[in-house]
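What follows is the content of model21.txt (compact mmCIF, C-alpha atoms and all ligand atoms).
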```txt
# COMPACT_ATOMS: atom_id res chain seq x y z
CA MET A 1 12.39 -22.76 -62.92
CA GLU A 2 9.97 -24.27 -60.42
CA HIS A 3 6.52 -22.84 -60.38
CA LYS A 4 4.79 -22.45 -57.00
CA LYS A 5 1.33 -21.22 -56.19
CA ILE A 6 0.93 -19.18 -53.05
CA THR A 7 -2.43 -18.27 -51.61
CA LEU A 8 -2.35 -14.93 -49.84
CA LEU A 9 -4.83 -14.29 -47.05
CA PRO A 10 -3.87 -10.82 -45.81
CA GLY A 11 -6.90 -10.68 -43.51
CA ASP A 12 -7.59 -7.67 -41.32
CA GLY A 13 -5.77 -4.71 -39.76
CA ILE A 14 -2.00 -4.82 -40.10
CA GLY A 15 -2.35 -8.24 -41.75
CA GLN A 16 -2.67 -6.34 -45.02
CA GLU A 17 0.50 -4.35 -44.53
CA VAL A 18 2.72 -7.19 -43.36
CA THR A 19 1.50 -9.47 -46.15
CA ARG A 20 2.64 -6.86 -48.67
CA SER A 21 6.07 -6.97 -47.05
CA ALA A 22 6.11 -10.77 -47.10
CA VAL A 23 5.27 -10.83 -50.81
CA GLN A 24 8.09 -8.43 -51.64
CA VAL A 25 10.56 -10.62 -49.78
CA MET A 26 9.21 -13.78 -51.44
CA LYS A 27 9.73 -12.18 -54.83
CA ALA A 28 13.23 -11.02 -53.98
CA ALA A 29 14.20 -14.45 -52.62
CA ALA A 30 12.59 -16.27 -55.54
CA GLN A 31 15.00 -14.68 -58.00
CA PHE A 32 17.96 -16.60 -56.66
CA SER A 33 16.29 -19.84 -55.59
CA GLY A 34 15.02 -20.97 -58.97
CA ILE A 35 11.40 -20.52 -57.97
CA GLU A 36 8.73 -18.55 -59.72
CA PHE A 37 5.75 -17.59 -57.61
CA GLU A 38 2.19 -17.16 -58.66
CA PHE A 39 0.08 -15.35 -56.07
CA GLN A 40 -3.63 -15.48 -55.58
CA GLU A 41 -5.19 -13.27 -52.95
CA CYS A 42 -8.42 -14.11 -51.11
CA LEU A 43 -10.52 -12.64 -48.35
CA MET A 44 -10.54 -14.23 -44.93
CA GLY A 45 -11.58 -13.01 -41.49
CA GLY A 46 -13.51 -9.82 -40.79
CA CYS A 47 -13.04 -8.55 -44.34
CA SER A 48 -14.65 -11.73 -45.67
CA TYR A 49 -17.51 -11.35 -43.22
CA ASP A 50 -18.08 -7.80 -44.47
CA ALA A 51 -18.08 -8.92 -48.10
CA HIS A 52 -19.81 -12.32 -47.88
CA GLY A 53 -21.40 -12.60 -44.44
CA ILE A 54 -19.02 -15.40 -43.36
CA PRO A 55 -15.35 -15.22 -42.35
CA LEU A 56 -14.18 -18.06 -44.61
CA THR A 57 -15.90 -19.01 -47.86
CA ASP A 58 -15.67 -22.34 -49.68
CA GLU A 59 -14.12 -20.49 -52.62
CA THR A 60 -11.27 -19.27 -50.44
CA LEU A 61 -10.79 -22.77 -49.03
CA GLN A 62 -10.71 -24.18 -52.54
CA VAL A 63 -7.97 -21.77 -53.57
CA CYS A 64 -5.97 -22.87 -50.51
CA PHE A 65 -6.43 -26.54 -51.45
CA ASN A 66 -4.99 -25.76 -54.87
CA SER A 67 -1.85 -24.03 -53.69
CA ASP A 68 1.63 -25.08 -52.60
CA ALA A 69 1.57 -22.89 -49.51
CA VAL A 70 -0.68 -20.38 -47.82
CA PHE A 71 0.47 -17.09 -46.32
CA LEU A 72 -1.81 -15.52 -43.74
CA GLY A 73 -1.46 -11.98 -42.37
CA ALA A 74 -3.75 -11.68 -39.35
CA VAL A 75 -7.47 -11.74 -38.70
CA GLY A 76 -9.83 -10.01 -36.31
CA GLY A 77 -10.61 -6.57 -34.93
CA TYR A 78 -12.90 -4.69 -32.54
CA LYS A 79 -15.49 -4.40 -35.24
CA TRP A 80 -16.24 -8.13 -35.30
CA GLU A 81 -15.84 -8.94 -31.60
CA THR A 82 -19.54 -9.02 -30.84
CA LEU A 83 -20.47 -11.41 -33.66
CA PRO A 84 -21.67 -14.88 -32.67
CA HIS A 85 -18.89 -17.41 -32.18
CA HIS A 86 -19.13 -19.13 -35.57
CA LEU A 87 -18.97 -15.83 -37.49
CA LYS A 88 -15.99 -14.39 -35.66
CA PRO A 89 -12.76 -14.06 -37.68
CA GLU A 90 -11.08 -16.46 -35.21
CA ALA A 91 -13.56 -19.18 -36.23
CA ALA A 92 -12.26 -18.87 -39.80
CA LEU A 93 -8.72 -19.46 -38.63
CA LEU A 94 -9.73 -22.59 -36.71
CA LYS A 95 -11.71 -23.88 -39.67
CA LEU A 96 -8.80 -23.28 -42.02
CA ARG A 97 -6.40 -25.18 -39.73
CA LYS A 98 -8.83 -28.08 -39.47
CA GLU A 99 -9.75 -28.25 -43.17
CA LEU A 100 -6.12 -28.10 -44.28
CA GLY A 101 -5.19 -30.69 -41.63
CA LEU A 102 -2.44 -28.48 -40.17
CA TYR A 103 -1.78 -30.49 -37.04
CA THR A 104 1.73 -29.20 -36.38
CA ASN A 105 2.34 -25.63 -35.34
CA ILE A 106 5.94 -24.52 -35.04
CA ARG A 107 6.64 -21.31 -33.16
CA PRO A 108 10.33 -20.57 -32.71
CA ALA A 109 11.40 -18.42 -29.79
CA LYS A 110 14.73 -17.11 -30.94
CA VAL A 111 16.36 -14.03 -29.56
CA TYR A 112 17.86 -11.54 -31.96
CA GLU A 113 21.01 -10.21 -30.32
CA PRO A 114 20.34 -6.50 -31.11
CA LEU A 115 16.90 -6.75 -29.47
CA ILE A 116 17.90 -8.35 -26.20
CA ASP A 117 17.44 -5.11 -24.34
CA ALA A 118 13.87 -4.82 -25.63
CA SER A 119 12.94 -7.85 -23.56
CA THR A 120 11.32 -7.30 -20.19
CA LEU A 121 13.68 -9.96 -18.83
CA LYS A 122 17.34 -9.52 -17.90
CA ARG A 123 19.97 -9.89 -20.61
CA SER A 124 21.58 -12.77 -18.72
CA VAL A 125 18.31 -14.72 -18.82
CA VAL A 126 17.48 -14.01 -22.45
CA ALA A 127 20.81 -14.01 -24.34
CA GLY A 128 21.16 -17.17 -26.41
CA VAL A 129 17.59 -18.37 -26.03
CA ASP A 130 16.64 -20.63 -28.94
CA PHE A 131 13.78 -23.07 -28.64
CA VAL A 132 10.59 -23.95 -30.45
CA VAL A 133 7.10 -24.41 -29.16
CA LEU A 134 5.68 -27.33 -31.08
CA ARG A 135 1.94 -27.05 -30.64
CA GLU A 136 -0.69 -29.59 -31.65
CA LEU A 137 -3.09 -27.53 -33.72
CA THR A 138 -6.14 -29.48 -34.86
CA GLY A 139 -7.29 -31.32 -31.74
CA GLY A 140 -7.71 -30.96 -28.01
CA ILE A 141 -10.13 -28.62 -26.32
CA TYR A 142 -10.29 -26.30 -29.34
CA PHE A 143 -12.24 -28.89 -31.30
CA GLY A 144 -13.51 -31.43 -28.75
CA THR A 145 -17.20 -32.13 -28.37
CA PRO A 146 -19.51 -31.79 -26.57
CA ARG A 147 -19.16 -28.04 -26.31
CA GLY A 148 -21.72 -25.40 -25.58
CA MET A 149 -23.18 -22.76 -23.35
CA THR A 150 -26.54 -22.01 -21.79
CA ALA A 151 -27.57 -19.28 -19.37
CA GLU A 152 -26.65 -21.66 -16.50
CA SER A 153 -23.41 -23.29 -17.62
CA GLY A 154 -20.72 -23.57 -20.28
CA TRP A 155 -18.64 -26.62 -21.28
CA ASN A 156 -15.86 -27.83 -23.56
CA THR A 157 -14.11 -31.14 -23.96
CA MET A 158 -10.39 -31.78 -23.96
CA VAL A 159 -9.94 -34.98 -25.90
CA TYR A 160 -7.04 -36.58 -27.79
CA ALA A 161 -7.11 -39.71 -29.93
CA LYS A 162 -4.01 -41.86 -29.90
CA GLU A 163 -3.01 -41.11 -33.49
CA GLU A 164 -3.30 -37.38 -32.89
CA VAL A 165 -0.76 -37.56 -30.09
CA GLU A 166 1.43 -40.01 -31.97
CA ARG A 167 1.87 -37.86 -35.05
CA ILE A 168 2.68 -34.65 -33.19
CA ALA A 169 5.06 -36.56 -30.89
CA ARG A 170 6.84 -37.99 -33.94
CA MET A 171 7.13 -34.52 -35.39
CA GLY A 172 8.57 -33.31 -32.08
CA PHE A 173 11.26 -35.99 -32.03
CA GLU A 174 12.10 -35.46 -35.70
CA ILE A 175 12.52 -31.73 -35.19
CA ALA A 176 14.56 -32.27 -32.02
CA ARG A 177 16.91 -34.52 -34.00
CA LYS A 178 17.69 -31.63 -36.32
CA ARG A 179 18.18 -29.27 -33.36
CA ASN A 180 19.69 -30.08 -29.98
CA GLY A 181 18.05 -33.44 -29.41
CA ARG A 182 15.84 -32.59 -26.45
CA VAL A 183 12.05 -32.72 -26.12
CA THR A 184 10.11 -31.45 -23.12
CA SER A 185 6.56 -32.75 -23.26
CA VAL A 186 4.09 -30.49 -21.49
CA ASP A 187 0.98 -31.79 -19.72
CA LYS A 188 -1.17 -31.59 -16.62
CA ALA A 189 -1.05 -35.30 -15.87
CA ASN A 190 -1.39 -34.72 -12.13
CA VAL A 191 -4.97 -33.59 -12.69
CA LEU A 192 -6.23 -34.47 -16.20
CA GLU A 193 -6.72 -37.96 -17.62
CA VAL A 194 -6.32 -36.60 -21.14
CA SER A 195 -2.87 -35.39 -20.09
CA GLN A 196 -1.88 -38.74 -18.54
CA PHE A 197 -2.91 -40.29 -21.84
CA TRP A 198 -0.82 -37.72 -23.75
CA ARG A 199 2.19 -38.54 -21.56
CA ASN A 200 1.79 -42.31 -22.05
CA VAL A 201 1.56 -42.01 -25.82
CA VAL A 202 4.53 -39.64 -26.07
CA HIS A 203 6.65 -42.13 -24.11
CA GLU A 204 5.47 -44.95 -26.34
CA VAL A 205 6.52 -43.05 -29.47
CA HIS A 206 9.82 -42.14 -27.82
CA LYS A 207 10.87 -45.81 -28.01
CA ASP A 208 11.57 -45.16 -31.70
CA TYR A 209 13.69 -42.11 -30.86
CA GLN A 210 16.04 -43.26 -28.12
CA ASP A 211 18.69 -40.80 -29.36
CA VAL A 212 16.42 -37.91 -28.35
CA GLN A 213 16.23 -36.95 -24.69
CA LEU A 214 12.64 -36.78 -23.41
CA SER A 215 11.38 -35.19 -20.22
CA ASP A 216 7.90 -34.28 -18.96
CA MET A 217 6.84 -31.04 -17.37
CA TYR A 218 3.55 -29.86 -15.90
CA VAL A 219 2.19 -26.89 -17.80
CA ASP A 220 2.14 -24.54 -14.81
CA ASN A 221 5.77 -25.31 -14.12
CA ALA A 222 6.59 -24.87 -17.82
CA ALA A 223 5.08 -21.37 -17.75
CA MET A 224 7.29 -20.55 -14.78
CA GLN A 225 10.43 -22.15 -16.26
CA ILE A 226 10.10 -20.26 -19.56
CA VAL A 227 10.38 -17.03 -17.64
CA ARG A 228 12.92 -18.28 -15.09
CA ASP A 229 15.41 -20.03 -17.38
CA PRO A 230 14.31 -20.24 -21.01
CA LYS A 231 17.70 -21.52 -22.17
CA GLN A 232 16.94 -24.97 -20.75
CA PHE A 233 14.50 -25.72 -23.59
CA ASP A 234 15.00 -27.08 -27.08
CA VAL A 235 11.61 -28.43 -28.25
CA LEU A 236 8.53 -27.85 -26.10
CA LEU A 237 5.88 -30.34 -27.17
CA THR A 238 2.38 -29.22 -26.25
CA SER A 239 -1.30 -29.80 -26.78
CA ASN A 240 -3.36 -27.14 -28.53
CA LEU A 241 -4.44 -25.04 -25.55
CA PHE A 242 -1.19 -25.29 -23.60
CA GLY A 243 0.79 -24.31 -26.70
CA ASP A 244 -1.44 -21.33 -27.30
CA ILE A 245 -0.63 -20.00 -23.85
CA LEU A 246 3.04 -20.96 -23.67
CA SER A 247 3.83 -19.57 -27.12
CA ASP A 248 2.65 -16.13 -26.03
CA ILE A 249 4.92 -16.29 -22.99
CA ALA A 250 7.77 -17.50 -25.18
CA GLY A 251 7.05 -14.65 -27.56
CA MET A 252 7.48 -12.01 -24.94
CA ILE A 253 10.91 -13.13 -23.80
CA THR A 254 12.17 -12.29 -27.25
CA GLY A 255 11.10 -8.68 -26.83
CA SER A 256 8.10 -8.31 -29.09
CA LEU A 257 5.37 -10.46 -30.53
CA GLY A 258 6.10 -8.46 -33.67
CA MET A 259 9.17 -10.62 -34.20
CA LEU A 260 7.67 -14.10 -34.08
CA PRO A 261 7.00 -16.26 -37.12
CA SER A 262 5.06 -19.49 -37.28
CA ALA A 263 4.55 -22.45 -39.55
CA SER A 264 1.53 -24.74 -39.50
CA ILE A 265 2.12 -28.00 -41.28
CA GLY A 266 0.01 -31.02 -42.14
CA ALA A 267 0.39 -34.09 -44.31
CA LYS A 268 -0.55 -32.17 -47.48
CA TYR A 269 -0.70 -28.46 -46.81
CA SER A 270 1.22 -25.77 -45.02
CA LEU A 271 0.44 -22.30 -43.82
CA TYR A 272 2.74 -19.51 -42.66
CA GLU A 273 1.67 -16.70 -40.44
CA PRO A 274 3.17 -14.15 -38.05
CA VAL A 275 2.13 -14.90 -34.45
CA HIS A 276 1.01 -11.33 -33.77
CA GLY A 277 -2.59 -10.29 -34.25
CA SER A 278 -4.23 -7.72 -36.50
CA ALA A 279 -3.44 -4.77 -34.17
CA PRO A 280 -6.39 -2.61 -35.28
CA ASP A 281 -5.11 0.28 -33.15
CA ILE A 282 -2.13 0.84 -35.47
CA ALA A 283 -3.55 -0.48 -38.75
CA GLY A 284 -2.90 1.68 -41.80
CA GLN A 285 -0.38 3.88 -39.98
CA LYS A 286 2.79 2.36 -41.43
CA LYS A 287 3.84 1.33 -37.93
CA ALA A 288 3.47 -2.44 -38.23
CA ASN A 289 6.60 -4.51 -37.71
CA PRO A 290 6.97 -6.68 -40.84
CA LEU A 291 9.75 -8.87 -39.42
CA ALA A 292 7.52 -11.66 -38.09
CA ALA A 293 5.90 -11.91 -41.51
CA ILE A 294 9.28 -11.88 -43.24
CA SER A 295 10.62 -14.49 -40.86
CA SER A 296 7.53 -16.59 -41.64
CA VAL A 297 8.57 -16.40 -45.29
CA ALA A 298 11.97 -17.75 -44.22
CA MET A 299 10.16 -20.69 -42.61
CA MET A 300 8.21 -21.26 -45.82
CA PHE A 301 11.43 -21.63 -47.79
CA ALA A 302 12.78 -24.07 -45.22
CA TYR A 303 9.74 -26.26 -44.62
CA THR A 304 7.70 -26.19 -47.82
CA PHE A 305 10.39 -25.66 -50.45
CA ASN A 306 13.23 -27.44 -48.63
CA LEU A 307 15.50 -24.49 -49.32
CA LYS A 308 17.18 -24.12 -45.97
CA LYS A 309 19.92 -21.99 -47.48
CA THR A 310 17.47 -19.37 -48.79
CA SER A 311 15.73 -19.46 -45.45
CA ASP A 312 18.98 -18.77 -43.61
CA LEU A 313 19.79 -15.92 -45.98
CA ILE A 314 16.48 -14.23 -45.23
CA GLU A 315 17.15 -14.63 -41.51
CA SER A 316 20.64 -13.13 -41.96
CA ALA A 317 19.12 -10.18 -43.78
CA ILE A 318 16.80 -9.60 -40.80
CA ASP A 319 19.76 -9.85 -38.40
CA LYS A 320 21.73 -7.36 -40.45
CA THR A 321 18.84 -4.88 -40.63
CA LEU A 322 18.43 -5.00 -36.86
CA ALA A 323 22.17 -4.66 -36.36
CA ASP A 324 22.01 -1.55 -38.57
CA GLY A 325 19.71 -0.06 -35.91
CA LEU A 326 16.44 0.07 -37.84
CA ARG A 327 13.38 -0.24 -35.62
CA THR A 328 9.62 -0.07 -35.96
CA PRO A 329 7.90 1.52 -32.94
CA ASP A 330 7.19 -1.78 -31.13
CA ILE A 331 10.90 -2.57 -30.80
CA PHE A 332 12.26 0.97 -30.71
CA SER A 333 14.92 1.96 -28.19
CA GLU A 334 17.14 5.01 -27.59
CA GLY A 335 19.74 5.62 -30.29
CA CYS A 336 18.03 3.53 -32.97
CA LYS A 337 16.46 4.69 -36.20
CA LEU A 338 12.66 4.72 -36.23
CA VAL A 339 11.33 3.42 -39.56
CA THR A 340 8.03 2.59 -41.23
CA THR A 341 6.85 -0.85 -42.31
CA ASP A 342 7.97 -0.21 -45.89
CA GLU A 343 11.34 1.21 -44.91
CA MET A 344 12.03 -1.85 -42.78
CA THR A 345 10.98 -4.15 -45.62
CA ASP A 346 13.12 -2.32 -48.18
CA ALA A 347 16.10 -2.49 -45.85
CA VAL A 348 15.70 -6.25 -45.40
CA ILE A 349 15.49 -6.72 -49.16
CA GLY A 350 18.52 -4.48 -49.64
CA ASN A 351 20.45 -6.62 -47.17
CA LEU A 352 19.19 -9.79 -48.79
CA ASN A 353 20.54 -8.65 -52.13
CA LYS A 354 23.86 -7.87 -50.46
CA VAL A 355 24.30 -11.27 -48.82
CA LEU A 356 23.69 -13.01 -52.13
C1 LIG A 401 -3.09 -18.14 -31.94
C2 LIG A 401 -4.32 -17.37 -31.65
C3 LIG A 401 -5.52 -18.20 -32.07
C4 LIG A 401 -5.53 -19.46 -31.24
C5 LIG A 401 -6.87 -17.48 -31.98
C6 LIG A 401 -6.86 -16.18 -32.74
C7 LIG A 401 -7.99 -18.35 -32.44
O1 LIG A 401 -4.36 -17.00 -30.31
O2 LIG A 401 -2.87 -18.50 -33.12
O3 LIG A 401 -2.32 -18.40 -31.02
O4 LIG A 401 -6.03 -19.46 -30.11
O5 LIG A 401 -5.03 -20.47 -31.72
MG MG A 402 -2.60 -17.49 -29.23
```

How would this structure read if it were set down as structure tokens?
Ligand code: IPM
Ligand code: MG
Amino acid sequence: MEHKKITLLPGDGIGQEVTRSAVQVMKAAAQFSGIEFEFQECLMGGCSYDAHGIPLTDETLQVCFNSDAVFLGAVGGYKWETLPHHLKPEAALLKLRKELGLYTNIRPAKVYEPLIDASTLKRSVVAGVDFVVLRELTGGIYFGTPRGMTAESGWNTMVYAKEEVERIARMGFEIARKRNGRVTSVDKANVLEVSQFWRNVVHEVHKDYQDVQLSDMYVDNAAMQIVRDPKQFDVLLTSNLFGDILSDIAGMITGSLGMLPSASIGAKYSLYEPVHGSAPDIAGQKKANPLAAISSVAMMFAYTFNLKKTSDLIESAIDKTLADGLRTPDIFSEGCKLVTTDEMTDAVIGNLNKVL
């Protein structure tokens, strides 16, 4: 029996509810994968600010450093929106990514067949979509200096060092090799020097990956193409800011942000988190869709524990549950069965036990 330590950071709003679902699925999946989990829960985000006056404490960070993987629910809420920048829950998330060195963010945009009609796009455009947004997560304009604001002006710096681009590019080509062998690198090289630099470095790294097909695309065009013909993409390689924006667009084609998982991976640590936010408007009402959190657990089994088979089984259990017609309110449509967060979770676990 392998022993793995998981740090749980449920965070705020529905983060609490979906983390509970994730834990139940982890426990269920652990039973047949020869893993034994030990969980330690810590505060992060608005709840940490309320308790300690800062959104991420050194103690919480320390617990993360000592674990095999971190699971994060969601952070933020109206309550903390007016705090100064460095005390906002979002600042904790950025600090966590930086401290854990999580430079790769993987956000799959996969369409679940039973949900195609929940998309705002036509079935013919959406059916069969399966790509990943591979977002650089610890550099670029999110962290560049100088940055600041006065009464007269505000400024940020978009900067990339060579090794930052190299390592994410390598990751992009490696992932493409295991998928359909195509990388689209996104930039704004027609206007920004930092983007021309990005493009040059990506092409340099590509020399080691001649079996992977590389193309470049301007970010504005990429935004348009994701909506026009999303099936053309396999791996979309992006800088931090461009990936933030494009992954939201990619999320919507699949019907609901409530369905999207993510993995953030560095040289030593990894963190899994649903892409959706803390949704304070529905928090505590049993309405949260736990599937993005559960799918994030599937990614954890694949990427941190190298148990692709377990990962696939969790994904199949999600497919089956959707095929059975169960829906939380965000993905509900005529003729389906409206269920709560817990009912959805129990159904997935029931199906997981069946596919075993
Ligand atoms: C995301 C979010 C975060 C980001 C915010 C909450 C800081 O939008 O993970 O995409 O911009 O990275
Ligand atoms: Mg975002």

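Distances to ligand LIG 401 (chain A) were evaluated for A:Met44, A:Leu214, A:Leu94, A:Cys64 using only C-alpha atoms and all ligand atoms, and the minimum falls at A:Leu94.
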
Test item: axis-aligned box, all listed atoms of ligand LIG 401 (chain A), 3 Å on each side, centre and edges in Å rounded to one decimal, as lines of an AutoDock Vina configuration file:
```
center_x = -5.2
center_y = -18.3
center_z = -31.6
size_x = 11.7
size_y = 10.3
size_z = 9.0
```

Test item: residues at most 9 Å from Glu17 (chain A), only C-alpha atoms, excluding those fewer than 3 positions along its chain, as a VMD selection string: chain A and resid 10 13 to 14 20 to 22 73 283 to 284 286 288 290 341 to 342

How would you report the residues lying within 7 Å of ligand LIG 401 (chain A), as JSON, numbers by chain, if you count only C-alpha atoms and all ligand atoms? {"A": [90, 91, 93, 94, 244, 275]}

Might you pull out every residue within 9 Å of Asp330 (chain A), with only C-alpha atoms counted and same-chain residues fewer than 5 positions away left off, and present them as a PyMOL selection string? chain A and resi 256-258+287-289

Residues at most 8 Å from region 229-241 of chain A, counting only C-alpha atoms, excluding those fewer than 4 positions away in the same chain, as a PDB file with C-alpha atoms, keeping the file's coordinate frame?
```
ATOM      1  CA  VAL A 125      18.310 -14.720 -18.820  1.00  0.00           C
ATOM      2  CA  VAL A 126      17.480 -14.010 -22.450  1.00  0.00           C
ATOM      3  CA  GLY A 128      21.160 -17.170 -26.410  1.00  0.00           C
ATOM      4  CA  VAL A 129      17.590 -18.370 -26.030  1.00  0.00           C
ATOM      5  CA  ASP A 130      16.640 -20.630 -28.940  1.00  0.00           C
ATOM      6  CA  PHE A 131      13.780 -23.070 -28.640  1.00  0.00           C
ATOM      7  CA  VAL A 132      10.590 -23.950 -30.450  1.00  0.00           C
ATOM      8  CA  VAL A 133       7.100 -24.410 -29.160  1.00  0.00           C
ATOM      9  CA  LEU A 134       5.680 -27.330 -31.080  1.00  0.00           C
ATOM     10  CA  ARG A 135       1.940 -27.050 -30.640  1.00  0.00           C
ATOM     11  CA  GLU A 136      -0.690 -29.590 -31.650  1.00  0.00           C
ATOM     12  CA  LEU A 137      -3.090 -27.530 -33.720  1.00  0.00           C
ATOM     13  CA  THR A 138      -6.140 -29.480 -34.860  1.00  0.00           C
ATOM     14  CA  GLY A 139      -7.290 -31.320 -31.740  1.00  0.00           C
ATOM     15  CA  GLY A 140      -7.710 -30.960 -28.010  1.00  0.00           C
ATOM     16  CA  ILE A 141     -10.130 -28.620 -26.320  1.00  0.00           C
ATOM     17  CA  TYR A 142     -10.290 -26.300 -29.340  1.00  0.00           C
ATOM     18  CA  ALA A 169       5.060 -36.560 -30.890  1.00  0.00           C
ATOM     19  CA  GLY A 172       8.570 -33.310 -32.080  1.00  0.00           C
ATOM     20  CA  ILE A 175      12.520 -31.730 -35.190  1.00  0.00           C
ATOM     21  CA  ALA A 176      14.560 -32.270 -32.020  1.00  0.00           C
ATOM     22  CA  ARG A 179      18.180 -29.270 -33.360  1.00  0.00           C
ATOM     23  CA  ASN A 180      19.690 -30.080 -29.980  1.00  0.00           C
ATOM     24  CA  GLY A 181      18.050 -33.440 -29.410  1.00  0.00           C
ATOM     25  CA  ARG A 182      15.840 -32.590 -26.450  1.00  0.00           C
ATOM     26  CA  VAL A 183      12.050 -32.720 -26.120  1.00  0.00           C
ATOM     27  CA  THR A 184      10.110 -31.450 -23.120  1.00  0.00           C
ATOM     28  CA  SER A 185       6.560 -32.750 -23.260  1.00  0.00           C
ATOM     29  CA  VAL A 186       4.090 -30.490 -21.490  1.00  0.00           C
ATOM     30  CA  ASP A 187       0.980 -31.790 -19.720  1.00  0.00           C
ATOM     31  CA  GLN A 225      10.430 -22.150 -16.260  1.00  0.00           C
ATOM     32  CA  ILE A 245      -0.630 -20.000 -23.850  1.00  0.00           C
TER      33      ILE A 245
END
```

Grab the CA of Gly255 (chain A) to CA of Leu326 (chain A) distance for me, in Å with one decimal place.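 Separation of CA of Gly255 (chain A) and CA of Leu326 (chain A): 15.0 Å.
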
Show me the residues around (-4.6, -12.4, -52.4) - criterion: an atom at most 12 Å away, only C-alpha atoms counted - as a VMD selection string. chain A and resid 5 to 11 15 to 16 19 to 20 23 38 to 44 60 63 to 64 70 to 73

Any chance you could export the current selection's C-alpha atoms as a compact mmCIF listing (two decimals), keeping the file's coordinate frame?
```txt
# COMPACT_ATOMS: atom_id res chain seq x y z
CA LYS A 5 1.33 -21.22 -56.19
CA ILE A 6 0.93 -19.18 -53.05
CA THR A 7 -2.43 -18.27 -51.61
CA LEU A 8 -2.35 -14.93 -49.84
CA LEU A 9 -4.83 -14.29 -47.05
CA PRO A 10 -3.87 -10.82 -45.81
CA GLY A 11 -6.90 -10.68 -43.51
CA GLY A 15 -2.35 -8.24 -41.75
CA GLN A 16 -2.67 -6.34 -45.02
CA THR A 19 1.50 -9.47 -46.15
CA ARG A 20 2.64 -6.86 -48.67
CA VAL A 23 5.27 -10.83 -50.81
CA GLU A 38 2.19 -17.16 -58.66
CA PHE A 39 0.08 -15.35 -56.07
CA GLN A 40 -3.63 -15.48 -55.58
CA GLU A 41 -5.19 -13.27 -52.95
CA CYS A 42 -8.42 -14.11 -51.11
CA LEU A 43 -10.52 -12.64 -48.35
CA MET A 44 -10.54 -14.23 -44.93
CA THR A 60 -11.27 -19.27 -50.44
CA VAL A 63 -7.97 -21.77 -53.57
CA CYS A 64 -5.97 -22.87 -50.51
CA VAL A 70 -0.68 -20.38 -47.82
CA PHE A 71 0.47 -17.09 -46.32
CA LEU A 72 -1.81 -15.52 -43.74
CA GLY A 73 -1.46 -11.98 -42.37
```

What does the structure give for the distance between CA of Met217 (chain A) and CA of Glu174 (chain A), in Å to one decimal?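 Taking CA of Met217 (chain A) as the start and CA of Glu174 (chain A) as the end point, the length is 19.6 Å.
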
By how many Å are CA of Ala69 (chain A) and CA of Ile265 (chain A) apart?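 Calculated distance between CA of Ala69 (chain A) and CA of Ile265 (chain A) is 9.7 Å.
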
Which of these, A:Pro84, A:Gly34, A:Gly101, A:Pro274, has the shortest distance to ligand MG 402 (chain A) once you count all atoms listed in the file? A:Pro274

Pick the closest to ligand MG 402 (chain A) from A:Ser316, A:Ser296, A:Gln196, A:Ser262: which is it, counting all atoms listed in the file?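 Once distances to ligand MG 402 (chain A) are computed over all atoms listed in the file, the minimum belongs to A:Ser262.
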
Between A:Leu260, A:Met224, A:Met158, A:Val194, which is the closest to ligand MG 402 (chain A) once you count only C-alpha atoms and all ligand atoms?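 Going through A:Leu260, A:Met224, A:Met158, A:Val194 one by one, the smallest distance to ligand MG 402 (chain A) is for A:Leu260.
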
Nearest to ligand MG 402 (chain A): which of A:Ile226, A:Ala263, A:Leu271, A:Ile249 is it, counting only C-alpha atoms and all ligand atoms?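 Closest to ligand MG 402 (chain A) of all the choices is A:Ile249.
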
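In terms of minimum interatomic distance to Gln285 (chain A), A:Val339 ranks closest within A:Ile318, A:Val227, A:Val339, A:Ala189, counting all atoms listed in the file.
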
Taking the partial coordinates given, rebuild region 152-157 of chain A to contain N, CA, C and O atoms; return it as a short mmCIF file (atom, residue, chain, number, x, y, z; two decimals), keeping the file's coordinate frame.
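Output file out30.cif is given in full below:
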```cif
data_model
loop_
_atom_site.label_atom_id
_atom_site.label_comp_id
_atom_site.auth_asym_id
_atom_site.auth_seq_id
_atom_site.Cartn_x
_atom_site.Cartn_y
_atom_site.Cartn_z
N GLU A 152 -27.07 -21.10 -17.80
CA GLU A 152 -26.65 -21.66 -16.50
C GLU A 152 -25.22 -22.21 -16.48
O GLU A 152 -24.57 -22.22 -15.46
N SER A 153 -24.76 -22.71 -17.63
CA SER A 153 -23.41 -23.29 -17.62
C SER A 153 -22.76 -23.27 -19.01
O SER A 153 -23.44 -23.04 -20.01
N GLY A 154 -21.46 -23.49 -19.02
CA GLY A 154 -20.72 -23.57 -20.28
C GLY A 154 -19.78 -24.76 -20.21
O GLY A 154 -19.34 -25.13 -19.13
N TRP A 155 -19.49 -25.43 -21.33
CA TRP A 155 -18.64 -26.62 -21.28
C TRP A 155 -17.87 -26.83 -22.58
O TRP A 155 -18.34 -26.45 -23.66
N ASN A 156 -16.69 -27.40 -22.43
CA ASN A 156 -15.86 -27.83 -23.56
C ASN A 156 -15.22 -29.16 -23.19
O ASN A 156 -15.23 -29.54 -22.04
N THR A 157 -14.67 -29.81 -24.19
CA THR A 157 -14.11 -31.14 -23.96
C THR A 157 -12.67 -31.21 -24.43
O THR A 157 -12.38 -30.90 -25.59
#
```
